[in-house]
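Chemist: work-v3.txt (compact mmCIF, C-alpha atoms and all ligand atoms) pasted underneath:
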```txt
# COMPACT_ATOMS: atom_id res chain seq x y z
CA MET A 1 89.04 115.76 82.52
CA TYR A 2 89.28 115.64 86.29
CA MET A 3 88.49 119.31 86.66
CA ARG A 4 84.91 119.09 85.45
CA ILE A 5 83.02 119.24 88.71
CA GLY A 6 79.38 119.51 87.55
CA ALA A 7 78.57 115.97 86.46
CA ILE A 8 81.06 114.15 88.67
CA VAL A 9 79.86 111.68 91.26
CA PHE A 10 81.99 109.75 93.69
CA VAL A 11 81.19 106.07 93.59
CA ALA A 12 81.40 103.94 96.69
CA ALA A 13 81.67 100.74 94.67
CA ALA A 14 84.63 101.95 92.65
CA GLY A 15 87.38 100.65 94.91
CA THR A 16 88.94 104.09 94.90
CA ALA A 17 87.37 107.49 95.32
CA MET A 18 88.25 108.26 91.72
CA ALA A 19 85.67 110.45 90.03
CA GLN A 20 83.25 108.70 87.71
CA ASP A 21 81.83 110.97 85.05
CA ALA A 22 79.19 109.42 82.81
CA GLU A 23 78.99 112.62 80.74
CA VAL A 24 82.58 112.49 79.54
CA ALA A 25 83.22 111.59 75.88
CA VAL A 26 85.60 108.80 74.86
CA ARG A 27 88.59 110.06 72.88
CA THR A 28 90.56 107.61 70.68
CA GLU A 29 94.21 108.23 69.81
CA PRO A 30 96.60 106.08 67.76
CA VAL A 31 99.69 104.96 69.69
CA ALA A 32 101.40 102.58 67.24
CA GLN A 33 100.42 100.40 64.26
CA GLY A 34 97.17 98.67 65.30
CA ILE A 35 97.29 100.05 68.86
CA HIS A 36 95.14 102.83 70.29
CA VAL A 37 94.44 104.45 73.62
CA LEU A 38 90.91 105.34 74.70
CA TYR A 39 90.63 108.21 77.17
CA GLY A 40 87.34 108.59 79.02
CA SER A 41 86.27 108.36 82.66
CA GLY A 42 88.52 106.00 84.62
CA GLY A 43 91.78 104.34 83.69
CA ASN A 44 93.13 104.67 80.15
CA ILE A 45 92.18 101.76 77.90
CA GLY A 46 94.72 100.13 75.58
CA VAL A 47 93.41 98.47 72.41
CA SER A 48 95.10 96.14 69.95
CA ALA A 49 92.86 95.62 66.90
CA GLY A 50 93.86 93.53 63.89
CA ALA A 51 93.45 90.28 61.99
CA ASP A 52 93.14 88.24 65.19
CA GLY A 53 90.50 90.50 66.70
CA VAL A 54 90.38 92.98 69.54
CA PHE A 55 92.44 92.78 72.73
CA LEU A 56 91.55 95.29 75.46
CA ILE A 57 93.49 96.48 78.48
CA ASP A 58 91.03 97.64 81.19
CA ASP A 59 87.45 98.84 80.69
CA GLN A 60 86.76 101.88 82.94
CA TYR A 61 83.32 102.08 84.63
CA ALA A 62 80.17 100.16 83.69
CA VAL A 63 78.44 103.42 82.69
CA MET A 64 81.14 103.92 80.03
CA THR A 65 80.64 100.57 78.23
CA THR A 66 78.27 101.90 75.55
CA LYS A 67 80.61 104.75 74.62
CA ILE A 68 83.64 102.46 74.71
CA THR A 69 81.86 99.95 72.47
CA GLU A 70 81.02 102.73 70.00
CA ALA A 71 84.65 103.87 69.94
CA LEU A 72 85.86 100.27 69.45
CA ALA A 73 83.42 99.78 66.55
CA LYS A 74 85.43 102.37 64.61
CA LEU A 75 88.56 100.21 65.02
CA SER A 76 87.05 96.77 64.38
CA PRO A 77 83.65 95.19 63.72
CA GLU A 78 84.38 92.47 66.30
CA PRO A 79 83.68 92.72 70.05
CA PRO A 80 86.79 92.30 72.25
CA ARG A 81 88.02 88.69 72.50
CA PHE A 82 90.08 89.41 75.62
CA VAL A 83 90.09 91.98 78.41
CA LEU A 84 93.24 92.09 80.55
CA ASN A 85 92.72 93.96 83.83
CA THR A 86 95.80 95.78 85.12
CA HIS A 87 94.48 95.60 88.74
CA TRP A 88 91.23 95.33 90.70
CA HIS A 89 90.14 98.99 91.06
CA GLY A 90 86.66 99.77 89.77
CA ASP A 91 87.79 102.51 87.38
CA HIS A 92 89.69 99.76 85.47
CA THR A 93 87.35 96.77 85.89
CA GLY A 94 83.88 98.35 86.02
CA GLY A 95 83.05 97.29 82.45
CA ASN A 96 84.02 93.61 82.96
CA GLU A 97 80.50 92.31 83.43
CA ASN A 98 79.09 94.15 80.38
CA LEU A 99 81.92 92.95 78.15
CA ALA A 100 81.86 89.38 79.49
CA ASP A 101 78.13 89.36 78.64
CA LYS A 102 79.08 90.00 75.02
CA GLY A 103 81.62 87.18 75.02
CA SER A 104 84.92 88.75 76.14
CA LEU A 105 87.23 86.56 78.21
CA VAL A 106 88.48 88.51 81.25
CA VAL A 107 92.06 87.80 82.39
CA ALA A 108 93.93 89.19 85.43
CA HIS A 109 96.43 88.46 88.17
CA ASP A 110 95.28 85.98 90.86
CA ASN A 111 94.91 88.74 93.47
CA VAL A 112 92.56 90.74 91.22
CA ARG A 113 90.02 87.95 91.35
CA VAL A 114 90.47 87.55 95.11
CA ARG A 115 90.00 91.27 95.84
CA MET A 116 87.09 91.72 93.41
CA GLY A 117 85.41 88.64 94.85
CA THR A 118 85.51 89.72 98.49
CA GLU A 119 84.53 92.83 100.45
CA GLN A 120 87.39 95.34 100.57
CA PHE A 121 87.97 98.06 103.15
CA SER A 122 90.09 101.13 102.47
CA LYS A 123 91.41 102.66 105.67
CA PHE A 124 92.72 105.59 103.63
CA PHE A 125 89.24 106.54 102.37
CA GLU A 126 87.30 104.84 105.19
CA ARG A 127 85.29 103.15 102.50
CA THR A 128 84.01 99.62 102.05
CA THR A 129 83.73 98.14 98.56
CA PRO A 130 81.31 95.22 98.28
CA PRO A 131 82.26 92.13 96.26
CA SER A 132 81.71 92.39 92.49
CA ALA A 133 79.12 90.24 90.74
CA THR A 134 80.47 86.81 89.81
CA ALA A 135 79.98 87.69 86.13
CA ALA A 136 82.49 90.57 86.54
CA LEU A 137 85.33 88.39 87.86
CA PRO A 138 88.30 87.35 85.72
CA VAL A 139 87.82 83.80 84.42
CA VAL A 140 91.52 83.23 83.72
CA THR A 141 94.11 84.25 86.33
CA PHE A 142 97.89 83.94 86.55
CA ASN A 143 100.55 84.54 89.19
CA ASP A 144 103.58 85.88 87.35
CA SER A 145 103.14 86.68 83.67
CA VAL A 146 100.87 85.88 80.75
CA SER A 147 101.45 86.14 77.00
CA PHE A 148 98.94 86.72 74.20
CA PHE A 149 100.11 85.98 70.65
CA LEU A 150 97.77 88.21 68.69
CA ASN A 151 97.81 90.63 65.78
CA GLY A 152 101.44 89.86 64.93
CA ASP A 153 102.75 90.75 68.37
CA GLU A 154 103.61 89.14 71.68
CA ILE A 155 101.54 91.01 74.24
CA ARG A 156 102.92 90.25 77.67
CA GLY A 157 101.26 91.01 81.01
CA ILE A 158 103.98 91.17 83.68
CA HIS A 159 103.11 91.06 87.38
CA VAL A 160 105.01 93.34 89.73
CA PRO A 161 104.54 92.66 93.46
CA ASP A 162 103.28 95.09 96.11
CA ALA A 163 103.21 98.20 93.93
CA HIS A 164 100.02 100.24 93.26
CA THR A 165 98.20 97.19 94.74
CA ASP A 166 99.22 93.54 95.22
CA GLY A 167 97.79 92.46 91.86
CA ASP A 168 99.26 94.82 89.26
CA VAL A 169 100.46 93.97 85.80
CA PHE A 170 101.96 96.19 83.18
CA ILE A 171 101.65 95.18 79.54
CA HIS A 172 104.48 95.09 77.03
CA PHE A 173 103.81 94.91 73.28
CA SER A 174 107.22 93.50 72.30
CA LYS A 175 107.02 94.20 68.57
CA ALA A 176 105.05 97.46 68.60
CA ASN A 177 107.30 98.81 71.40
CA VAL A 178 104.40 99.99 73.55
CA ILE A 179 103.97 99.68 77.33
CA HIS A 180 100.64 100.07 79.14
CA THR A 181 101.51 100.76 82.77
CA GLY A 182 98.14 100.46 84.50
CA ASP A 183 98.17 102.58 87.66
CA LEU A 184 101.87 102.00 88.23
CA VAL A 185 102.21 105.32 86.42
CA PHE A 186 100.11 108.48 86.64
CA ALA A 187 101.43 110.87 83.99
CA GLY A 188 101.67 114.53 84.95
CA MET A 189 100.04 114.03 88.33
CA TYR A 190 100.68 112.46 91.72
CA PRO A 191 99.94 108.73 91.84
CA PHE A 192 97.52 107.02 94.16
CA ILE A 193 99.31 104.13 95.88
CA ASP A 194 96.77 101.82 97.52
CA LEU A 195 98.52 100.74 100.72
CA ASP A 196 95.26 99.09 101.89
CA SER A 197 95.43 96.76 98.86
CA GLY A 198 99.04 95.75 99.46
CA GLY A 199 100.68 98.63 97.60
CA THR A 200 104.08 100.11 98.54
CA VAL A 201 106.14 103.03 97.27
CA ALA A 202 109.22 100.81 96.84
CA GLY A 203 107.12 98.39 94.79
CA VAL A 204 106.01 101.16 92.42
CA ILE A 205 109.61 102.32 91.97
CA ALA A 206 110.73 98.73 91.30
CA ALA A 207 107.91 98.34 88.76
CA VAL A 208 108.97 101.50 86.91
CA ASP A 209 112.55 100.18 86.88
CA ARG A 210 111.33 97.01 85.15
CA MET A 211 109.56 99.10 82.52
CA LEU A 212 112.63 101.31 82.03
CA ALA A 213 114.71 98.18 81.41
CA LEU A 214 112.36 97.21 78.54
CA ALA A 215 112.03 100.70 77.07
CA ASP A 216 114.12 102.60 74.53
CA ASP A 217 113.81 106.07 73.06
CA GLY A 218 111.10 104.89 70.65
CA THR A 219 108.86 103.30 73.29
CA ARG A 220 105.37 104.75 73.69
CA VAL A 221 104.01 104.54 77.21
CA ILE A 222 100.27 104.51 78.00
CA PRO A 223 99.86 105.46 81.67
CA GLY A 224 96.91 104.43 83.85
CA HIS A 225 95.90 108.08 84.04
CA GLY A 226 97.14 111.11 82.11
CA GLU A 227 98.45 111.46 78.57
CA VAL A 228 100.66 109.04 76.64
CA THR A 229 104.33 109.51 77.54
CA ASP A 230 107.74 107.97 76.78
CA LYS A 231 110.91 106.61 78.39
CA ALA A 232 112.02 110.07 79.50
CA GLY A 233 108.60 110.58 81.11
CA LEU A 234 108.97 107.26 82.96
CA ALA A 235 112.44 108.24 84.19
CA ALA A 236 111.24 111.64 85.43
CA TYR A 237 108.31 110.00 87.23
CA ARG A 238 110.65 107.48 88.89
CA GLU A 239 112.91 110.32 90.04
CA MET A 240 109.94 112.25 91.48
CA LEU A 241 108.80 109.16 93.42
CA ALA A 242 112.28 108.51 94.79
CA VAL A 243 112.94 112.13 95.78
CA SER A 244 109.51 112.85 97.30
CA SER A 245 109.35 109.58 99.26
CA GLY A 246 112.99 110.01 100.37
CA ARG A 247 112.23 113.39 101.89
CA VAL A 248 109.32 111.99 103.90
CA ARG A 249 111.36 108.95 104.94
CA GLU A 250 114.02 111.24 106.42
CA LEU A 251 111.36 113.08 108.44
CA VAL A 252 109.93 109.78 109.69
CA LYS A 253 113.45 108.68 110.70
CA ALA A 254 113.80 111.95 112.61
CA GLY A 255 110.70 111.01 114.61
CA LYS A 256 108.27 113.53 113.08
CA THR A 257 104.54 112.95 113.43
CA VAL A 258 102.30 113.02 110.38
CA GLU A 259 101.05 116.48 111.39
CA GLU A 260 104.64 117.73 111.57
CA VAL A 261 105.37 116.29 108.14
CA LEU A 262 102.27 117.93 106.67
CA ALA A 263 103.25 121.26 108.25
CA ALA A 264 106.81 120.97 106.87
CA ASN A 265 105.41 120.76 103.34
CA PRO A 266 108.41 118.72 102.15
CA ASN A 267 107.25 118.36 98.55
CA ALA A 268 105.98 121.89 97.85
CA ASP A 269 107.93 122.01 94.57
CA PHE A 270 106.22 118.86 93.25
CA ASP A 271 102.85 119.84 94.74
CA ALA A 272 102.70 122.88 92.50
CA LYS A 273 102.98 120.73 89.37
CA LEU A 274 101.48 117.35 90.25
CA ALA A 275 98.71 117.72 92.86
CA TRP A 276 95.17 117.31 91.54
CA ALA A 277 91.59 116.89 92.75
CA PHE A 278 91.99 113.24 93.79
CA ILE A 279 95.57 113.25 95.12
CA THR A 280 96.01 116.55 96.94
CA PRO A 281 99.35 117.52 98.53
CA GLU A 282 98.00 116.33 101.90
CA ARG A 283 96.83 112.96 100.58
CA TYR A 284 100.13 112.34 98.80
CA ALA A 285 102.09 113.23 101.96
CA ARG A 286 99.87 110.93 104.04
CA ILE A 287 100.48 108.02 101.65
CA LEU A 288 104.25 108.61 101.80
CA TYR A 289 104.19 108.95 105.58
CA ARG A 290 102.23 105.78 106.18
CA ASP A 291 104.41 103.85 103.73
CA ALA A 292 107.63 105.10 105.36
CA ALA A 293 106.34 104.41 108.88
CA ALA A 294 105.30 100.87 107.86
CA SER A 295 108.67 100.06 106.28
CA ALA A 296 110.52 101.55 109.28
CA ALA A 297 108.45 99.29 111.59
CA VAL A 298 109.39 96.25 109.52
CA ARG A 299 113.12 96.99 109.84
ZN ZN A 301 94.06 101.99 90.56
```
In structure tokens, what does this structure look like?
Ligand SMILES: [Zn+2]
Modeler:
Amino acid sequence: MYMRIGAIVFVAAAGTAMAQDAEVAVRTEPVAQGIHVLYGSGGNIGVSAGADGVFLIDDQYAVMTTKITEALAKLSPEPPRFVLNTHWHGDHTGGNENLADKGSLVVAHDNVRVRMGTEQFSKFFERTTPPSATAALPVVTFNDSVSFFLNGDEIRGIHVPDAHTDGDVFIHFSKANVIHTGDLVFAGMYPFIDLDSGGTVAGVIAAVDRMLALADDGTRVIPGHGEVTDKAGLAAYREMLAVSSGRVRELVKAGKTVEEVLAANPNADFDAKLAWAFITPERYARILYRDAAASAAVR
């Protein structure tokens, strides 16, 4: 879905330079009893639909709301009661205002409201994101974890510090044995780690470790981007992060400049499998370099 170039526009207000594609169709797939994933343009949406109504995880871009609403209508006649944002980026929160208009209560970590409510600057993309409309902001925030007792499950949003951003949660459906990772996991592709929003590589690895501790061989894992995966997929992703960042850290320790690291091509084996339009080999190496240089400076 990222390879379709024709209709893709890059949106300054998105919080990332992730492609927004209003032409893309929404695809619904069952994940577990009463739980579905919606693929479209932006972060993957998790849906719990049942006797207590509809609970949504993330809502992609505003231009996708009509298609998302049509897809949800096939799962339940009710509009979403709750929307839980996994983090502040516009490809996960862009539908907030439209859904809040229809009565959804938007919930997120404290830092999501702070970042959405103020101008943000990304040094990595040299891009400024203006504050979101007040109507788009979460109306309930929390600092550590939040639980929803809905549709026969305990749906828990668990904050992990300084990971993809400084306001991430992943969501654990305790009974259904499903985890929605938000952008802590990109399946089958390099992750974006937003260092300008308080993200760190070590934080992402620690977050994946927390998910691994909750998972078993039957767990279904909805990533922020990419196809649904499982515990083995999480473990492989964690290994890739540790190995690729470790290589760059060694080069930083040896005093290499970023240009020298790029020229050394330390992750060529992963590049071949995991680089994509948004996170190219160079961008991934630059994220790892900056992260390693920052943590070396702290030491
Ligand atoms: Zn993101």
Chemist: Between A:Val258, A:Ala202, A:Ala263, A:Leu195, which has the minimum distance to ligand ZN 301 (chain A) (counting only C-alpha atoms and all ligand atoms)?
Modeler: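 Answer, going by the shortest atom-to-atom distance: A:Leu195.
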Chemist: Which residues sit within 7 Å of ligand ZN 301 (chain A), counting all atoms listed in the file, listed as a PyMOL selection string?
Modeler: chain A and resi 87+89+164+183
Chemist: Check the smallest atom-to-atom distance from each of A:Thr165, A:Thr134, A:Thr28, A:Asn44 to Glu97 (chain A) using all atoms listed in the file, then report the winner.
Modeler: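 Using all atoms listed in the file, the shortest distance to Glu97 (chain A) belongs to A:Thr134.
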Chemist: Could you put an axis-aligned box around every listed atom of region 238-253 of chain A, padded by 5 Å on each side, and send me its centre and edge lengths in Å to one decimal, as lines of an AutoDock Vina configuration file?
Modeler:
```
center_x = 111.4
center_y = 110.4
center_z = 99.8
size_x = 15.2
size_y = 15.9
size_z = 31.8
```
Chemist: Using only C-alpha atoms, pick whichever of A:Leu184, A:Ile45, A:Ala206, A:Tyr284 has the shortest atom-to-atom distance to Pro30 (chain A).
Modeler: A:Ile45
Chemist: What's the separation between CA of Leu288 (chain A) and CA of Pro223 (chain A), in Å to one decimal place?
Modeler: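 Answer for the CA of Leu288 (chain A) to CA of Pro223 (chain A) separation: 20.8 Å.
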